[in-house]
Structure formats: structure tokens, C-alpha cells
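Engineer: Next comes the structure file data-v5.txt, holding compact mmCIF, C-alpha atoms and all ligand atoms.
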```txt
# COMPACT_ATOMS: atom_id res chain seq x y z
CA MET X 22 82.61 75.81 97.97
CA ASN X 23 84.87 75.21 101.01
CA MET X 24 85.39 78.22 103.24
CA GLU X 25 87.44 78.82 106.36
CA TYR X 26 86.45 81.29 109.05
CA LYS X 27 88.41 83.50 111.41
CA THR X 28 87.03 83.79 114.93
CA LEU X 29 87.34 87.47 115.80
CA ASN X 30 88.19 88.72 119.30
CA ASN X 31 84.48 89.16 120.15
CA GLY X 32 83.63 85.57 119.11
CA LEU X 33 82.10 86.49 115.74
CA LYS X 34 83.12 84.27 112.82
CA MET X 35 84.25 86.04 109.63
CA PRO X 36 84.87 84.27 106.30
CA MET X 37 88.59 84.29 105.44
CA VAL X 38 87.69 85.30 101.85
CA GLY X 39 85.19 87.96 100.86
CA LEU X 40 84.50 90.11 97.83
CA GLY X 41 85.75 93.72 97.79
CA VAL X 42 83.56 96.08 95.77
CA TYR X 43 85.74 99.18 95.47
CA ASN X 44 85.44 100.75 92.01
CA ILE X 45 82.33 98.77 91.08
CA PRO X 46 79.79 101.21 89.67
CA GLU X 47 76.61 101.48 91.73
CA LYS X 48 74.40 100.29 88.88
CA GLU X 49 76.42 97.06 88.50
CA THR X 50 76.97 96.34 92.17
CA GLN X 51 73.81 94.36 92.83
CA ARG X 52 74.52 92.02 89.89
CA VAL X 53 78.19 91.57 90.87
CA VAL X 54 77.37 90.84 94.52
CA GLU X 55 74.58 88.42 93.56
CA ASP X 56 77.06 86.61 91.26
CA ALA X 57 79.52 86.36 94.14
CA LEU X 58 76.89 85.04 96.55
CA SER X 59 75.75 82.50 93.94
CA VAL X 60 79.25 80.99 93.70
CA GLY X 61 79.68 80.75 97.47
CA TYR X 62 80.88 84.11 98.79
CA ARG X 63 79.38 85.00 102.15
CA SER X 64 81.34 88.19 102.92
CA ILE X 65 81.19 91.52 101.09
CA ASP X 66 83.35 94.59 101.76
CA THR X 67 81.97 98.01 100.81
CA ALA X 68 82.39 101.57 102.14
CA ALA X 69 80.59 104.89 102.06
CA MET X 70 83.42 106.14 99.84
CA TYR X 71 82.69 103.50 97.16
CA GLU X 72 79.19 104.93 96.64
CA ASN X 73 77.75 101.46 96.13
CA GLU X 74 76.47 100.52 99.59
CA LYS X 75 72.92 100.54 98.22
CA GLY X 76 73.76 97.89 95.59
CA VAL X 77 75.28 95.69 98.28
CA GLY X 78 72.19 96.02 100.48
CA ASP X 79 69.89 95.34 97.51
CA ALA X 80 71.81 92.15 96.68
CA VAL X 81 71.75 90.97 100.30
CA ARG X 82 67.98 91.42 100.44
CA ALA X 83 67.35 89.84 97.01
CA CYS X 84 69.76 86.89 97.07
CA GLY X 85 67.70 84.42 99.10
CA VAL X 86 70.61 83.53 101.40
CA PRO X 87 69.57 83.92 105.07
CA ARG X 88 70.90 87.23 106.38
CA GLU X 89 72.62 85.54 109.34
CA GLU X 90 74.81 83.53 106.91
CA LEU X 91 76.15 86.73 105.35
CA PHE X 92 78.90 89.02 106.59
CA VAL X 93 78.62 92.62 105.41
CA THR X 94 81.34 95.18 106.07
CA THR X 95 81.11 98.90 105.46
CA LYS X 96 83.27 101.86 106.47
CA ILE X 97 82.84 105.49 107.33
CA CYS X 98 85.47 107.87 106.00
CA GLU X 99 84.23 111.39 106.61
CA PRO X 100 86.33 113.30 109.14
CA CYS X 101 84.06 113.66 112.20
CA HIS X 102 85.04 115.61 115.29
CA THR X 103 82.01 115.04 117.48
CA ARG X 104 79.63 112.24 118.46
CA GLU X 105 76.80 113.97 116.58
CA GLU X 106 78.80 114.21 113.32
CA THR X 107 79.72 110.54 113.64
CA LEU X 108 76.09 109.54 114.27
CA ARG X 109 75.02 111.46 111.14
CA THR X 110 77.71 109.79 109.02
CA VAL X 111 76.80 106.33 110.26
CA ASP X 112 73.13 107.04 109.71
CA ARG X 113 73.81 107.97 106.05
CA SER X 114 75.61 104.65 105.50
CA MET X 115 72.90 102.64 107.24
CA ARG X 116 70.20 104.30 105.15
CA GLN X 117 72.16 103.66 101.94
CA ILE X 118 72.76 100.01 102.71
CA GLY X 119 69.22 99.56 104.01
CA LEU X 120 69.96 96.64 106.37
CA ASP X 121 68.89 96.29 110.00
CA TYR X 122 72.52 95.79 111.00
CA VAL X 123 75.94 95.44 109.42
CA ASP X 124 78.32 92.76 110.57
CA LEU X 125 81.40 94.94 110.64
CA MET X 126 81.66 98.73 110.68
CA LEU X 127 85.13 100.18 110.17
CA LEU X 128 86.70 103.59 110.59
CA HIS X 129 88.12 103.84 107.06
CA TRP X 130 91.06 106.11 107.84
CA PRO X 131 92.50 107.95 110.83
CA VAL X 132 90.76 111.26 110.11
CA GLY X 133 88.81 113.77 112.17
CA ASN X 134 88.95 112.75 115.81
CA PRO X 135 89.36 108.96 115.66
CA THR X 136 88.95 108.61 119.44
CA VAL X 137 85.55 110.30 119.46
CA MET X 138 84.52 108.39 116.31
CA TRP X 139 85.54 105.12 117.94
CA HIS X 140 83.59 105.81 121.16
CA THR X 141 80.52 106.53 119.03
CA LEU X 142 80.92 103.22 117.20
CA GLU X 143 81.28 101.49 120.58
CA GLU X 144 77.95 102.99 121.64
CA LEU X 145 76.18 101.82 118.46
CA TYR X 146 77.80 98.38 118.76
CA ALA X 147 76.37 98.08 122.27
CA GLN X 148 72.94 98.91 120.80
CA GLY X 149 73.31 96.07 118.23
CA MET X 150 73.65 98.16 115.06
CA PHE X 151 76.92 96.32 114.27
CA LYS X 152 78.01 92.78 115.13
CA ALA X 153 81.60 94.02 115.32
CA ILE X 154 83.63 97.20 114.92
CA GLY X 155 87.14 97.71 113.63
CA VAL X 156 89.57 100.03 111.92
CA SER X 157 91.37 100.37 108.62
CA ASN X 158 94.69 102.04 107.79
CA PHE X 159 95.65 102.62 111.41
CA TYR X 160 99.41 102.33 111.97
CA PRO X 161 101.41 102.62 115.20
CA ASN X 162 101.19 106.42 115.06
CA THR X 163 97.37 106.37 115.10
CA PHE X 164 96.29 102.96 116.46
CA PRO X 165 96.87 104.09 120.09
CA MET X 166 94.16 106.77 119.62
CA ILE X 167 91.70 103.89 119.37
CA VAL X 168 92.96 101.45 121.96
CA LYS X 169 94.14 103.81 124.72
CA ASP X 170 90.77 103.89 126.49
CA ALA X 171 88.70 101.59 124.30
CA LYS X 172 85.85 99.70 125.92
CA VAL X 173 85.72 97.53 122.81
CA MET X 174 88.88 96.40 121.05
CA PRO X 175 88.76 96.62 117.22
CA VAL X 176 88.26 93.14 115.73
CA VAL X 177 90.38 93.90 112.64
CA ASN X 178 92.78 96.41 111.16
CA GLN X 179 92.24 96.41 107.39
CA CYS X 180 95.46 97.51 105.65
CA GLU X 181 97.15 97.12 102.30
CA ALA X 182 98.75 93.67 102.29
CA HIS X 183 99.81 91.28 99.56
CA VAL X 184 102.83 89.22 98.58
CA LEU X 185 104.74 92.38 97.60
CA TYR X 186 103.94 94.15 100.92
CA GLN X 187 103.53 91.43 103.48
CA GLN X 188 103.09 93.63 106.57
CA ARG X 189 105.05 91.38 108.92
CA LYS X 190 105.71 94.27 111.35
CA MET X 191 102.04 95.22 111.45
CA ARG X 192 101.00 91.61 112.04
CA GLU X 193 103.40 91.38 115.01
CA TYR X 194 102.21 94.77 116.28
CA LEU X 195 98.55 93.70 116.29
CA LYS X 196 99.06 90.32 117.98
CA PRO X 197 99.14 91.50 121.63
CA TYR X 198 95.86 93.35 121.05
CA GLY X 199 94.16 90.28 119.58
CA VAL X 200 93.29 92.33 116.48
CA ALA X 201 93.07 90.33 113.25
CA MET X 202 94.85 91.49 110.11
CA GLU X 203 92.66 91.99 107.06
CA ALA X 204 94.26 92.66 103.67
CA TRP X 205 92.97 95.22 101.24
CA SER X 206 94.25 94.99 97.66
CA PRO X 207 95.35 91.38 98.32
CA LEU X 208 96.25 91.12 94.62
CA ALA X 209 98.14 94.45 94.71
CA GLU X 210 95.45 95.75 92.31
CA GLY X 211 97.20 93.61 89.66
CA ARG X 212 100.19 95.98 89.75
CA SER X 213 103.89 95.16 89.34
CA SER X 214 103.02 92.33 86.90
CA ILE X 215 101.98 90.29 89.92
CA PHE X 216 100.05 87.73 87.83
CA LYS X 217 103.20 87.01 85.77
CA ASN X 218 105.48 86.74 88.78
CA GLU X 219 107.70 83.70 88.13
CA THR X 220 107.72 82.50 91.74
CA LEU X 221 103.92 82.55 91.94
CA VAL X 222 103.49 80.99 88.49
CA SER X 223 105.94 78.16 89.17
CA ILE X 224 104.52 77.35 92.61
CA GLY X 225 101.04 77.42 91.04
CA GLU X 226 102.08 74.84 88.44
CA LYS X 227 102.76 72.30 91.20
CA TYR X 228 99.17 72.55 92.45
CA GLY X 229 97.30 73.32 89.21
CA LYS X 230 96.57 76.81 90.56
CA THR X 231 96.98 80.30 89.10
CA SER X 232 99.42 82.95 90.30
CA ALA X 233 96.45 84.86 91.76
CA GLN X 234 95.43 81.82 93.81
CA ILE X 235 98.98 81.36 95.14
CA ALA X 236 99.19 85.06 96.07
CA LEU X 237 95.87 84.85 97.93
CA LYS X 238 96.62 81.51 99.57
CA PHE X 239 99.86 82.91 100.99
CA LEU X 240 97.84 85.52 102.89
CA VAL X 241 95.15 83.12 104.07
CA GLN X 242 97.76 80.63 105.24
CA ASN X 243 99.32 83.48 107.25
CA ASP X 244 95.97 84.00 108.98
CA ILE X 245 95.17 87.18 107.03
CA ILE X 246 91.55 87.77 105.99
CA ILE X 247 91.28 88.76 102.31
CA ILE X 248 88.74 90.62 100.16
CA PRO X 249 89.89 90.42 96.50
CA LYS X 250 87.80 92.44 94.08
CA THR X 251 86.65 91.20 90.70
CA MET X 252 83.63 91.84 88.51
CA HIS X 253 84.05 88.53 86.66
CA LYS X 254 82.26 85.43 87.86
CA GLU X 255 85.00 83.02 86.74
CA ARG X 256 87.59 85.03 88.70
CA MET X 257 85.28 85.06 91.70
CA VAL X 258 85.37 81.26 91.63
CA GLU X 259 89.15 81.31 91.12
CA ASN X 260 89.75 83.68 94.05
CA ILE X 261 87.70 81.65 96.48
CA SER X 262 89.02 78.20 95.47
CA LEU X 263 91.83 78.23 98.00
CA PHE X 264 91.00 75.53 100.50
CA ASP X 265 91.87 72.35 98.59
CA PHE X 266 95.65 72.72 98.76
CA THR X 267 98.34 73.80 101.23
CA LEU X 268 101.57 75.65 100.53
CA THR X 269 104.66 73.94 101.94
CA ASP X 270 107.13 75.66 104.26
CA GLY X 271 109.45 75.88 101.24
CA ASP X 272 106.76 77.61 99.15
CA LEU X 273 106.06 80.06 101.96
CA ALA X 274 109.76 80.85 102.33
CA GLU X 275 110.08 81.51 98.59
CA ILE X 276 107.07 83.83 98.60
CA ARG X 277 108.36 85.66 101.68
CA ARG X 278 111.30 86.74 99.53
CA LEU X 279 108.93 88.72 97.25
CA ASP X 280 108.24 91.23 100.04
CA THR X 281 109.36 94.75 99.07
CA GLY X 282 108.37 96.12 102.48
CA ARG X 283 106.46 99.02 100.98
CA ASN X 284 103.08 99.85 99.53
CA VAL X 285 102.62 99.56 95.78
CA THR X 286 99.13 100.95 95.26
CA GLY X 287 99.96 104.59 95.91
CA TRP X 288 97.22 104.87 98.53
CA PRO X 289 98.38 106.21 101.86
CA SER X 290 99.29 103.04 103.67
CA ASP X 291 101.94 103.74 106.19
CA ALA X 292 102.72 106.11 109.01
CA LEU X 293 104.95 108.33 106.91
CA VAL X 294 102.29 109.45 104.48
CA TYR X 295 99.35 110.06 106.80
CA GLU X 296 97.90 113.47 107.37
CA PRO X 297 98.16 113.92 111.12
CA ALA X 298 94.82 113.19 112.77
CA VAL X 299 93.43 115.71 115.26
CA VAL X 300 93.17 114.45 118.80
CA GLY X 301 91.50 116.43 121.53
N1 LIG X 401 90.27 100.08 103.52
C1 LIG X 401 90.85 100.64 102.50
O1 LIG X 401 91.42 101.74 102.58
C2 LIG X 401 90.82 99.95 101.17
C3 LIG X 401 91.63 100.40 100.12
C4 LIG X 401 91.59 99.69 98.91
C5 LIG X 401 90.78 98.57 98.78
N2 LIG X 401 89.98 98.17 99.82
C6 LIG X 401 89.10 96.97 99.72
O2 LIG X 401 89.88 95.87 99.24
C7 LIG X 401 89.25 95.33 98.08
C8 LIG X 401 90.26 94.70 97.14
O3 LIG X 401 91.24 95.63 96.75
P1 LIG X 401 91.33 96.26 95.27
O4 LIG X 401 90.01 96.21 94.65
O5 LIG X 401 91.98 97.59 95.43
O6 LIG X 401 92.40 95.35 94.52
P2 LIG X 401 92.69 93.78 94.38
O7 LIG X 401 91.59 92.97 94.91
O8 LIG X 401 94.07 93.57 94.90
O9 LIG X 401 92.79 93.64 92.79
C9 LIG X 401 91.69 93.86 91.98
C10 LIG X 401 92.17 93.85 90.52
O10 LIG X 401 92.63 92.56 90.16
C11 LIG X 401 91.82 92.02 89.09
N3 LIG X 401 91.62 90.60 89.41
C12 LIG X 401 90.90 90.09 90.43
N4 LIG X 401 91.00 88.75 90.47
C13 LIG X 401 91.80 88.40 89.45
C14 LIG X 401 92.28 87.16 88.96
N5 LIG X 401 91.96 86.00 89.57
N6 LIG X 401 93.09 87.16 87.86
C15 LIG X 401 93.44 88.33 87.27
N7 LIG X 401 93.00 89.54 87.66
C16 LIG X 401 92.20 89.58 88.76
C17 LIG X 401 90.56 92.84 89.09
O11 LIG X 401 90.03 92.97 87.78
P3 LIG X 401 88.51 92.54 87.37
O12 LIG X 401 87.55 93.22 88.29
O13 LIG X 401 88.44 93.06 85.96
O14 LIG X 401 88.48 91.05 87.45
C18 LIG X 401 91.06 94.21 89.57
O15 LIG X 401 91.65 94.93 88.49
C19 LIG X 401 88.53 96.55 97.50
O16 LIG X 401 87.57 96.20 96.52
C20 LIG X 401 87.94 97.16 98.74
O17 LIG X 401 86.79 96.44 99.16
C21 LIG X 401 90.00 98.84 101.01
```
What would the structure in this file look like if it were written as C-alpha cells?
Ligand SMILES: NC(=O)c1ccc[n+]([C@@H]2O[C@H](COP(=O)([O-])OP(=O)(O)OC[C@H]3O[C@@H](n4cnc5c(N)ncnc54)[C@H](OP(=O)(O)O)[C@@H]3O)[C@@H](O)[C@H]2O)c1

Structural biologist:
Amino acid sequence: MNMEYKTLNNGLKMPMVGLGVYNIPEKETQRVVEDALSVGYRSIDTAAMYENEKGVGDAVRACGVPREELFVTTKICEPCHTREETLRTVDRSMRQIGLDYVDLMLLHWPVGNPTVMWHTLEELYAQGMFKAIGVSNFYPNTFPMIVKDAKVMPVVNQCEAHVLYQQRKMREYLKPYGVAMEAWSPLAEGRSSIFKNETLVSIGEKYGKTSAQIALKFLVQNDIIIIPKTMHKERMVENISLFDFTLTDGDLAEIRRLDTGRNVTGWPSDALVYEPAVVG
């Protein structure tokens, strides 16, 4: 299976498409991740909050693919206010996942004291526990808490992004920092009848591709890393088969018109709906 990679700001290469495992029950996670790895996925996105880090680690150990070919992301979400609290939270995740290192550790949300949490991740990154560190759901009201005196710049900001919420402002905002945009819910969780969207369906017909593939390709072609979730092997293949066609400028312009400029999943995903983080 063809795959493209994004070179992150620390030189690490990350697959442009990975599998997200939110909402996959722990007891099914190992099977689902092994299925994904068997059809060519090399990147998996989990989090402490998903309560399935163990299944991801089990699959990585059992799959037979050399560890260095895999890219494992996890996230810590507990509000920590001190270095010690952050170390304990990270330690819980590392014990759950059971790997010597993870490729990418993210701060899941701007909670607790993000500045202290970030400095603790920087320390563990320097020790080699993570190949890269980054953030998720940080908007211009909270992102400065990370970068103001960062020794290590985040490699990504993982935010809700899909054809209905294209995050053009965020992408522009991140550019000067060299921080890559990663999309969560790249299929908008299947909401707003996205798979029946006429624009996506009709563009797909030109290439023999599904509406899901057109929605995902739009992101990839805009240099956005994606982690669509599915538990079905045939959809895993569908969601990763994106590198044998190219959308034209006309296609891209049509899809740009689908942008509603707002989140559709109901998760907090912009500055207006965040609980204020504590800084101090
Ligand atoms: N950082 C954060 O705060 C945050 C928040 C949300 C999500 N995430 C990450 O982003 C990942 C993806 O987001 P998501 O899981 O919320 O939503 P998503 O990937 O946008 O959509 C997943 C939904 O679409 C269905 N689906 C997948 N491929 C399909 C296809 N080709 N055709 C038709 N239906 C398809 C899936 O059903 P089936 O499983 O039944 O196929 C599932 O219902 C998560 O798993 C997680 O890793 C991160």
C-alpha cells in the first residue's frame, strides 16, 4: 500500500494516514490494530482517555512488524499542575501501553497547567521516552502557554478538521511555528450525512473513489495528517487508498465551499468553548 510521510519539525517522519482508535473497546483493540497493520497502516493514534492503550501495545508487540517501522501516538488528558503529577500520569500511560518508547506523546487538552505539563514532556523527550511531543486542541488562547518559553516546539497540533470544518485559520496560525496540522475526526464522525454529500460523491465518481476517500484526500492534499477510525478491515483499506489519484484545483475549490467554519462533533474544539486553563 502506498503511503506518504510528513517530515515533522524535529526530522521525524510520520505517516500521513494512521488509524484512530477512539471508542474501540479494549477487548477488541488488539484485533482491530492488527487488522490495520496487516493492510498497511503504520501509525496508530490512542490516548489514556480511550482506555485501550494496552490493546495498542499488545498489537504492536504481536504484529511482527519491526517496531521502528511503526508510529504510535498516545495522549495524556488528566489535569496536572506539577511536574510530579505529570510524571505519574505519563508513567500510567507508559505502563498501559507497555512499549519502551512512544513515537508521539500529546497533551490531549489545555487543562491543568499546560506550561508545566509541557516542560515535563520536554524533559522526558530529552531522555528518549518519546520520539516527538505535541499538543491537541490548543487554539490561539492556549497555544502561547506552550510555545512562550518552549525548549522544544510541538511537532503537531491535533484538532478537529474535516471538509465541513477545514481549519484554514488554524493552519495559517501554525505555519510560522513549523507545527504540523493533524486532523481528528477527519470524517466528521460520519455526521451531517457527509458520506452522501453530493460534491464528494460526484468528485469521487470521476476517480472511482468513495465520498470518504475524497473527504480524506482533500485533507492529505492540504498537508494535513489524518487518523480516520474504523473497526472494519474493508474500510481500513478504503481509508488508506489515497495515493493513486490527485484532486484537481477545481475539485479542491469545490470542496473548499463545503466549509462551515465550525465544529460539528460537539466536542470542545475552539477557543470559545474551552474551560480556561490555569497558568501560574
Ligand atoms: N485529540 C482529540 O481530542 C480527539 C478527538 C476525537 C478523535 N480523536 C482521534 O481521531 C480519530 C478519528 O476520529 P473519530 O473516531 O472521532 O471519527 P472519524 O474518523 O471522523 O469517523 C469515524 C466514523 O466513521 C465511520 N467510518 C470510517 N471509515 C468509513 C468509511 N470509509 N465509510 C463509511 N464510514 C466510515 C466509522 O465507523 P466504523 O468504525 O463502524 O467503520 C466511525 O463511525 C479517533 O479515533 C481518535 O484517535 C482525537

Engineer: Can you build me a table of chain X residues sitting at most 9 Å from ligand LIG 401 (chain X), with the closest atom pair per residue and its distance in Å to one decimal, using only C-alpha atoms and all ligand atoms, sorted by chain and residue number, as a tab-separated table?

Structural biologist:
```
residue	atom	partner	partner_atom	distance
X:Gly39	CA	X:LIG401	O17	8.8
X:Leu40	CA	X:LIG401	O17	6.9
X:Gly41	CA	X:LIG401	O17	3.2
X:Val42	CA	X:LIG401	O16	4.1
X:Tyr43	CA	X:LIG401	O16	3.7
X:Asn44	CA	X:LIG401	O16	6.8
X:Ile45	CA	X:LIG401	O16	8.0
X:Ile65	CA	X:LIG401	O17	7.7
X:Asp66	CA	X:LIG401	O17	4.7
X:Thr67	CA	X:LIG401	O17	5.3
X:Ala68	CA	X:LIG401	O17	7.4
X:Tyr71	CA	X:LIG401	C20	8.4
X:Thr94	CA	X:LIG401	O17	8.9
X:Thr95	CA	X:LIG401	O17	8.8
X:Lys96	CA	X:LIG401	N1	7.8
X:Leu127	CA	X:LIG401	N1	8.4
X:Leu128	CA	X:LIG401	N1	8.7
X:His129	CA	X:LIG401	N1	5.6
X:Trp130	CA	X:LIG401	O1	6.8
X:Val156	CA	X:LIG401	N1	8.4
X:Ser157	CA	X:LIG401	N1	5.2
X:Asn158	CA	X:LIG401	O1	6.2
X:Asn178	CA	X:LIG401	N1	8.8
X:Gln179	CA	X:LIG401	N1	5.7
X:Cys180	CA	X:LIG401	N1	6.2
X:Glu181	CA	X:LIG401	C3	6.8
X:Ala182	CA	X:LIG401	O8	8.7
X:His183	CA	X:LIG401	O8	7.7
X:Ala204	CA	X:LIG401	O2	7.0
X:Trp205	CA	X:LIG401	O2	3.7
X:Ser206	CA	X:LIG401	O8	3.1
X:Pro207	CA	X:LIG401	O8	4.3
X:Leu208	CA	X:LIG401	O8	3.3
X:Ala209	CA	X:LIG401	O8	4.2
X:Glu210	CA	X:LIG401	O9	3.4
X:Gly211	CA	X:LIG401	O10	4.7
X:Arg212	CA	X:LIG401	O10	8.3
X:Phe216	CA	X:LIG401	C15	6.7
X:Thr231	CA	X:LIG401	N5	7.6
X:Ser232	CA	X:LIG401	N6	8.0
X:Ala233	CA	X:LIG401	N5	5.1
X:Gln234	CA	X:LIG401	N5	6.9
X:Ile247	CA	X:LIG401	O2	7.9
X:Ile248	CA	X:LIG401	C7	5.2
X:Pro249	CA	X:LIG401	O7	3.5
X:Lys250	CA	X:LIG401	O7	3.9
X:Thr251	CA	X:LIG401	O12	3.3
X:Met252	CA	X:LIG401	O12	4.2
X:His253	CA	X:LIG401	O14	5.2
X:Lys254	CA	X:LIG401	O14	8.4
X:Glu255	CA	X:LIG401	N5	8.1
X:Arg256	CA	X:LIG401	N5	4.6
X:Met257	CA	X:LIG401	N4	6.9
X:Val258	CA	X:LIG401	N5	8.4
X:Glu259	CA	X:LIG401	N5	5.7
X:Asn260	CA	X:LIG401	N5	5.5
X:Thr286	CA	X:LIG401	O5	7.9
X:Trp288	CA	X:LIG401	C3	7.3
X:Pro289	CA	X:LIG401	O1	8.3
X:Ser290	CA	X:LIG401	O1	8.1
```

Engineer: Let's have the selection written as an mmCIF file, in the coordinates of the input, with C-alpha atoms.

Structural biologist:
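Result file part00.cif:
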```cif
data_model
loop_
_atom_site.group_PDB
_atom_site.id
_atom_site.type_symbol
_atom_site.label_atom_id
_atom_site.label_comp_id
_atom_site.auth_asym_id
_atom_site.auth_seq_id
_atom_site.Cartn_x
_atom_site.Cartn_y
_atom_site.Cartn_z
ATOM 1 C CA GLY X 39 85.190 87.960 100.860
ATOM 2 C CA LEU X 40 84.500 90.110 97.830
ATOM 3 C CA GLY X 41 85.750 93.720 97.790
ATOM 4 C CA VAL X 42 83.560 96.080 95.770
ATOM 5 C CA TYR X 43 85.740 99.180 95.470
ATOM 6 C CA ASN X 44 85.440 100.750 92.010
ATOM 7 C CA ILE X 45 82.330 98.770 91.080
ATOM 8 C CA ILE X 65 81.190 91.520 101.090
ATOM 9 C CA ASP X 66 83.350 94.590 101.760
ATOM 10 C CA THR X 67 81.970 98.010 100.810
ATOM 11 C CA ALA X 68 82.390 101.570 102.140
ATOM 12 C CA TYR X 71 82.690 103.500 97.160
ATOM 13 C CA THR X 94 81.340 95.180 106.070
ATOM 14 C CA THR X 95 81.110 98.900 105.460
ATOM 15 C CA LYS X 96 83.270 101.860 106.470
ATOM 16 C CA LEU X 127 85.130 100.180 110.170
ATOM 17 C CA LEU X 128 86.700 103.590 110.590
ATOM 18 C CA HIS X 129 88.120 103.840 107.060
ATOM 19 C CA TRP X 130 91.060 106.110 107.840
ATOM 20 C CA VAL X 156 89.570 100.030 111.920
ATOM 21 C CA SER X 157 91.370 100.370 108.620
ATOM 22 C CA ASN X 158 94.690 102.040 107.790
ATOM 23 C CA ASN X 178 92.780 96.410 111.160
ATOM 24 C CA GLN X 179 92.240 96.410 107.390
ATOM 25 C CA CYS X 180 95.460 97.510 105.650
ATOM 26 C CA GLU X 181 97.150 97.120 102.300
ATOM 27 C CA ALA X 182 98.750 93.670 102.290
ATOM 28 C CA HIS X 183 99.810 91.280 99.560
ATOM 29 C CA ALA X 204 94.260 92.660 103.670
ATOM 30 C CA TRP X 205 92.970 95.220 101.240
ATOM 31 C CA SER X 206 94.250 94.990 97.660
ATOM 32 C CA PRO X 207 95.350 91.380 98.320
ATOM 33 C CA LEU X 208 96.250 91.120 94.620
ATOM 34 C CA ALA X 209 98.140 94.450 94.710
ATOM 35 C CA GLU X 210 95.450 95.750 92.310
ATOM 36 C CA GLY X 211 97.200 93.610 89.660
ATOM 37 C CA ARG X 212 100.190 95.980 89.750
ATOM 38 C CA PHE X 216 100.050 87.730 87.830
ATOM 39 C CA THR X 231 96.980 80.300 89.100
ATOM 40 C CA SER X 232 99.420 82.950 90.300
ATOM 41 C CA ALA X 233 96.450 84.860 91.760
ATOM 42 C CA GLN X 234 95.430 81.820 93.810
ATOM 43 C CA ILE X 247 91.280 88.760 102.310
ATOM 44 C CA ILE X 248 88.740 90.620 100.160
ATOM 45 C CA PRO X 249 89.890 90.420 96.500
ATOM 46 C CA LYS X 250 87.800 92.440 94.080
ATOM 47 C CA THR X 251 86.650 91.200 90.700
ATOM 48 C CA MET X 252 83.630 91.840 88.510
ATOM 49 C CA HIS X 253 84.050 88.530 86.660
ATOM 50 C CA LYS X 254 82.260 85.430 87.860
ATOM 51 C CA GLU X 255 85.000 83.020 86.740
ATOM 52 C CA ARG X 256 87.590 85.030 88.700
ATOM 53 C CA MET X 257 85.280 85.060 91.700
ATOM 54 C CA VAL X 258 85.370 81.260 91.630
ATOM 55 C CA GLU X 259 89.150 81.310 91.120
ATOM 56 C CA ASN X 260 89.750 83.680 94.050
ATOM 57 C CA THR X 286 99.130 100.950 95.260
ATOM 58 C CA TRP X 288 97.220 104.870 98.530
ATOM 59 C CA PRO X 289 98.380 106.210 101.860
ATOM 60 C CA SER X 290 99.290 103.040 103.670
#
```

Engineer: Closest to Val173 (chain X) among X:Val200, X:Val222, X:Leu185, X:Leu268, using only C-alpha atoms?

Structural biologist: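 Going through X:Val200, X:Val222, X:Leu185, X:Leu268 one by one, the smallest distance to Val173 (chain X) is for X:Val200.
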
Engineer: Out of X:Glu226, X:Glu106, X:Asp170, X:Asp124, which residue has the shortest atom-to-atom distance to Lys152 (chain X) when counting all atoms listed in the file?

Structural biologist: X:Asp124

Engineer: To one decimal in Å, tell me the separation between CA of Met191 (chain X) and CA of Tyr160 (chain X).

Structural biologist: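 Separation between CA of Met191 (chain X) and CA of Tyr160 (chain X): 7.6 Å.
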
Engineer: May I ask which of the residues X:Glu193, X:Asp79, X:Glu72, X:Glu144 is the closest one to Leu108 (chain X), counting all atoms listed in the file?

Structural biologist: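 Looking only at the distances to Leu108 (chain X), the closest residue turns out to be X:Glu144.
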
Engineer: Starting from the sparse input, extend region 159-171 of chain X to N, CA and C atoms and give the output as a compact mmCIF listing (two decimals), in the frame of the given file.

Structural biologist:
```
# COMPACT_ATOMS: atom_id res chain seq x y z
N PHE X 159 95.08 102.07 110.18
CA PHE X 159 95.65 102.62 111.41
C PHE X 159 97.01 101.96 111.63
N TYR X 160 98.03 102.81 111.75
CA TYR X 160 99.41 102.33 111.97
C TYR X 160 99.83 102.73 113.38
N PRO X 161 101.04 102.36 113.79
CA PRO X 161 101.41 102.62 115.20
C PRO X 161 101.33 104.09 115.62
N ASN X 162 101.32 105.01 114.67
CA ASN X 162 101.19 106.42 115.06
C ASN X 162 99.74 106.81 115.36
N THR X 163 98.78 106.01 114.91
CA THR X 163 97.37 106.37 115.10
C THR X 163 96.57 105.30 115.85
N PHE X 164 97.02 104.06 115.80
CA PHE X 164 96.29 102.96 116.46
C PHE X 164 96.08 103.24 117.96
N PRO X 165 97.08 103.83 118.66
CA PRO X 165 96.87 104.09 120.09
C PRO X 165 95.69 105.03 120.37
N MET X 166 95.32 105.89 119.42
CA MET X 166 94.16 106.77 119.62
C MET X 166 92.89 105.94 119.82
N ILE X 167 92.88 104.75 119.26
CA ILE X 167 91.70 103.89 119.37
C ILE X 167 91.77 103.07 120.65
N VAL X 168 92.92 102.46 120.90
CA VAL X 168 92.96 101.45 121.96
C VAL X 168 93.25 102.02 123.34
N LYS X 169 93.67 103.30 123.41
CA LYS X 169 94.14 103.81 124.72
C LYS X 169 93.06 103.72 125.80
N ASP X 170 91.82 104.08 125.47
CA ASP X 170 90.77 103.89 126.49
C ASP X 170 89.54 103.24 125.86
N ALA X 171 89.80 102.28 124.98
CA ALA X 171 88.70 101.59 124.30
C ALA X 171 87.96 100.68 125.28
```
